[in-house]
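Notes follow once the structure below has been shown.
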Amino acid sequence: MVSKTRERFIEVARQLFARKGVENTTMNDIASASAKGRRTIYTYFKSKREIFNAVIASETDELLSRLRKIVELKIPPQEKLRKYIDCRFDTMSEIVSRNGSLRAGFFRDVRKVDRARKLITDKESALLKEILSEGTLLGVFKIRDLDAAALVITHTLHGLDVPYVRDNISKEGVTQEQLKKYITRLILHGIEGNGMEDKEETDTTSV
């Protein structure tokens with residue numbers, strides 16, 4: 001019952017945020033639309049920011065689930081990384097696009113975007129690290145610090161979320177498909193062979 005009530009609040013909040021916008025939705029609105037009392041909603045969420053974060057976490061569960069399926073595929077790690085990047089961009093675009101006015105907020109409020117990213121950064125990095133680790137064990141990737149590499153790549157992909165979803169770089173002649181291909185090539189070039197050597201320490205030590 002507790003779980004179902006909480007999930008009900010999250011789904012109702014998602015719908016209201018999408019239709020009315022986060023700023024124009026109150027905790028009372030969510031409680032009323034859920035057919036629950038104000039006191040009940042505060043049993044589960046202390047603030048609108050907390051329930052907003054829960055909505056984002058719920059939405060990104062789908063992203064993490066799709067990425068996990070790719071990580072578990074029995075294919076070469078290079079191909080796995082390509083599919084991972086494609087899936088991540090396309091799923092983020094779906095999540096933002098289907099949430100109505102959340103889409104506008106996603107682009108307008110950078111701090112809100114950053115808070116949402118923090119909720120899944122560690123989980124994404126862990127999934128990506130599995131691919132990098134597999135490739136390193138097979139000798140196709142040369143990475144010294146898997147944790148650092150996974151985190152840097154994750155933040156790099158996050159930084160391209162808004163340009164990809166808005167498709168605003170198409171004005172510069174780069175389509176969404178090209179963006180995915182270019183960033184994939186750059187990453188693979190950096191972790192295959194000697195692309196990520198640490199020149200400051202030694203000319204033969206890989207990152």
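Every chain in the structure tokens has a letter given in the order shown (A, B, ...), and although residue numbers restart at 1 in each chain, ligands are simply numbered from 1 in the order shown.
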*Which polymer residues have any atom within 10 Å of an atom of A:Glu130, counting only C-alpha atoms, with same-chain residues fewer than 2 positions away left out, as a list of chain:residue names?*
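Skipping anything fewer than 2 positions along the chain leaves A:Arg68, A:Val71, A:Glu72, A:Pro77, A:Ser125, A:Ala126, A:Leu127, A:Leu128, A:Leu132, A:Ser133, A:Glu134, A:Gly135, A:Thr136, A:Leu146, A:Ala150.
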Find the residues near stretch 185-194 of chain A: any atom within 8 Å, counting only C-alpha atoms, skip ones fewer than 5 places away on the same chain, and give them as a list in words.
-> Gln78, Val140, Phe141, Lys142, Ile143, Ile153 and Ser206 of chain A
Dump of N, CA, C and O atoms for the selected residues, as a compact mmCIF listing (two decimals), in the first residue's frame:
```
# COMPACT_ATOMS: atom_id res chain seq x y z
N GLN A 78 33.18 -2.63 -28.34
CA GLN A 78 33.10 -1.44 -29.19
C GLN A 78 31.67 -1.23 -29.69
O GLN A 78 31.15 -0.11 -29.66
N VAL A 140 41.03 -4.52 -26.11
CA VAL A 140 40.64 -3.61 -27.19
C VAL A 140 40.58 -2.17 -26.73
O VAL A 140 40.63 -1.24 -27.53
N PHE A 141 40.46 -1.95 -25.42
CA PHE A 141 40.54 -0.61 -24.84
C PHE A 141 41.78 -0.53 -23.97
O PHE A 141 42.17 -1.52 -23.33
N LYS A 142 42.39 0.63 -23.94
CA LYS A 142 43.54 0.86 -23.06
C LYS A 142 43.18 1.98 -22.10
O LYS A 142 43.29 3.16 -22.43
N ILE A 143 42.74 1.59 -20.91
CA ILE A 143 42.29 2.55 -19.90
C ILE A 143 42.93 2.21 -18.57
O ILE A 143 42.76 1.10 -18.06
N ILE A 153 33.31 10.25 -19.46
CA ILE A 153 32.47 9.97 -20.63
C ILE A 153 31.00 10.24 -20.30
O ILE A 153 30.26 10.81 -21.11
N SER A 206 49.09 3.96 -20.43
CA SER A 206 47.73 4.33 -20.85
C SER A 206 46.94 4.89 -19.70
O SER A 206 47.17 4.53 -18.56
```
(request) Within 12 Å of A:Glu11, counting only C-alpha atoms, which residues show up once you throw out same-chain ones fewer than 2 positions away? Write them as a ChimeraX atom specification, please. (result) /A:4-9,13-18,30-31,33-34,51-52,54-59,99
Output N, CA and C atoms for every residue in that selection, as a PDB file, in the first residue's frame.
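The file below, result11.pdb, is the result:
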```pdb
ATOM      1  N   LYS A   4       2.394   1.708  -3.430  1.00  0.00           N
ATOM      2  CA  LYS A   4       1.408   2.094  -4.431  1.00  0.00           C
ATOM      3  C   LYS A   4       0.981   3.547  -4.254  1.00  0.00           C
ATOM      4  N   THR A   5       0.835   3.980  -3.010  1.00  0.00           N
ATOM      5  CA  THR A   5       0.453   5.367  -2.753  1.00  0.00           C
ATOM      6  C   THR A   5       1.538   6.314  -3.223  1.00  0.00           C
ATOM      7  N   ARG A   6       2.771   5.993  -2.931  1.00  0.00           N
ATOM      8  CA  ARG A   6       3.897   6.830  -3.355  1.00  0.00           C
ATOM      9  C   ARG A   6       3.979   6.879  -4.874  1.00  0.00           C
ATOM     10  N   GLU A   7       3.829   5.723  -5.517  1.00  0.00           N
ATOM     11  CA  GLU A   7       3.882   5.670  -6.973  1.00  0.00           C
ATOM     12  C   GLU A   7       2.742   6.469  -7.593  1.00  0.00           C
ATOM     13  N   ARG A   8       1.584   6.447  -6.925  1.00  0.00           N
ATOM     14  CA  ARG A   8       0.447   7.223  -7.405  1.00  0.00           C
ATOM     15  C   ARG A   8       0.758   8.712  -7.373  1.00  0.00           C
ATOM     16  N   PHE A   9       1.344   9.176  -6.293  1.00  0.00           N
ATOM     17  CA  PHE A   9       1.721  10.584  -6.186  1.00  0.00           C
ATOM     18  C   PHE A   9       2.714  10.963  -7.288  1.00  0.00           C
ATOM     19  N   ALA A  13       1.913  13.611 -10.193  1.00  0.00           N
ATOM     20  CA  ALA A  13       2.791  14.779 -10.265  1.00  0.00           C
ATOM     21  C   ALA A  13       3.403  14.900 -11.656  1.00  0.00           C
ATOM     22  N   ARG A  14       3.825  13.780 -12.227  1.00  0.00           N
ATOM     23  CA  ARG A  14       4.407  13.811 -13.568  1.00  0.00           C
ATOM     24  C   ARG A  14       3.416  14.376 -14.574  1.00  0.00           C
ATOM     25  N   GLN A  15       2.180  13.920 -14.499  1.00  0.00           N
ATOM     26  CA  GLN A  15       1.156  14.391 -15.422  1.00  0.00           C
ATOM     27  C   GLN A  15       0.872  15.883 -15.233  1.00  0.00           C
ATOM     28  N   LEU A  16       0.794  16.316 -13.985  1.00  0.00           N
ATOM     29  CA  LEU A  16       0.532  17.730 -13.715  1.00  0.00           C
ATOM     30  C   LEU A  16       1.710  18.607 -14.132  1.00  0.00           C
ATOM     31  N   PHE A  17       2.921  18.157 -13.844  1.00  0.00           N
ATOM     32  CA  PHE A  17       4.102  18.914 -14.246  1.00  0.00           C
ATOM     33  C   PHE A  17       4.144  19.054 -15.764  1.00  0.00           C
ATOM     34  N   ALA A  18       3.816  17.965 -16.464  1.00  0.00           N
ATOM     35  CA  ALA A  18       3.845  17.973 -17.927  1.00  0.00           C
ATOM     36  C   ALA A  18       2.789  18.910 -18.496  1.00  0.00           C
ATOM     37  N   ILE A  30      -1.358  18.253  -6.423  1.00  0.00           N
ATOM     38  CA  ILE A  30      -0.976  16.843  -6.536  1.00  0.00           C
ATOM     39  C   ILE A  30      -1.799  15.976  -5.598  1.00  0.00           C
ATOM     40  N   ALA A  31      -1.960  16.457  -4.370  1.00  0.00           N
ATOM     41  CA  ALA A  31      -2.745  15.706  -3.389  1.00  0.00           C
ATOM     42  C   ALA A  31      -4.190  15.571  -3.843  1.00  0.00           C
ATOM     43  N   ALA A  33      -5.472  15.833  -6.960  1.00  0.00           N
ATOM     44  CA  ALA A  33      -5.586  15.000  -8.156  1.00  0.00           C
ATOM     45  C   ALA A  33      -5.360  13.527  -7.845  1.00  0.00           C
ATOM     46  N   SER A  34      -4.676  13.248  -6.730  1.00  0.00           N
ATOM     47  CA  SER A  34      -4.430  11.871  -6.312  1.00  0.00           C
ATOM     48  C   SER A  34      -5.535  11.329  -5.423  1.00  0.00           C
ATOM     49  N   ILE A  51       9.448  15.738  -4.729  1.00  0.00           N
ATOM     50  CA  ILE A  51       8.592  14.930  -5.600  1.00  0.00           C
ATOM     51  C   ILE A  51       9.001  15.108  -7.067  1.00  0.00           C
ATOM     52  N   PHE A  52       9.517  16.279  -7.419  1.00  0.00           N
ATOM     53  CA  PHE A  52      10.038  16.479  -8.775  1.00  0.00           C
ATOM     54  C   PHE A  52      11.219  15.538  -9.017  1.00  0.00           C
ATOM     55  N   ALA A  54      11.712  12.769  -7.566  1.00  0.00           N
ATOM     56  CA  ALA A  54      11.173  11.411  -7.639  1.00  0.00           C
ATOM     57  C   ALA A  54      10.599  11.134  -9.027  1.00  0.00           C
ATOM     58  N   VAL A  55       9.983  12.147  -9.620  1.00  0.00           N
ATOM     59  CA  VAL A  55       9.458  12.008 -10.983  1.00  0.00           C
ATOM     60  C   VAL A  55      10.602  11.761 -11.958  1.00  0.00           C
ATOM     61  N   ILE A  56      11.659  12.545 -11.826  1.00  0.00           N
ATOM     62  CA  ILE A  56      12.813  12.379 -12.711  1.00  0.00           C
ATOM     63  C   ILE A  56      13.432  10.999 -12.517  1.00  0.00           C
ATOM     64  N   ALA A  57      13.559  10.579 -11.251  1.00  0.00           N
ATOM     65  CA  ALA A  57      14.133   9.262 -10.967  1.00  0.00           C
ATOM     66  C   ALA A  57      13.292   8.159 -11.589  1.00  0.00           C
ATOM     67  N   SER A  58      11.967   8.309 -11.504  1.00  0.00           N
ATOM     68  CA  SER A  58      11.064   7.320 -12.080  1.00  0.00           C
ATOM     69  C   SER A  58      11.210   7.261 -13.597  1.00  0.00           C
ATOM     70  N   GLU A  59      11.303   8.443 -14.220  1.00  0.00           N
ATOM     71  CA  GLU A  59      11.451   8.496 -15.664  1.00  0.00           C
ATOM     72  C   GLU A  59      12.779   7.895 -16.112  1.00  0.00           C
ATOM     73  N   ASN A  99       7.084  14.730 -21.917  1.00  0.00           N
ATOM     74  CA  ASN A  99       6.656  15.326 -20.667  1.00  0.00           C
ATOM     75  C   ASN A  99       6.234  16.782 -20.783  1.00  0.00           C
TER      76      ASN A  99
END
```
Next on the checklist: To one decimal place in Å, what is the distance between atom CA of A:Leu67 and atom CA of A:Thr121?
Outcome noted: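 These atoms are spaced 12.9 Å apart.
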Considering only C-alpha atoms, can you say which of A:Ser97, A:Glu50, A:Ile120, A:Tyr44 comes closest to A:Leu63?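 Checking each of A:Ser97, A:Glu50, A:Ile120, A:Tyr44 against A:Leu63, counting only C-alpha atoms, the winner is A:Ile120.
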Using only C-alpha atoms, the residue out of A:Asn28, A:Glu177, A:Asp122, A:Ile131 with shortest distance to A:Glu79 is A:Ile131
Give me, as a PyMOL selection string, the residues of stretch 23-196 of chain A that a backbone DSSP run labels alpha helix (DSSP H).
chain A and resi 27-33+38-44+48-71+77-97+101-108+110-138+146-159+161-166+176-191
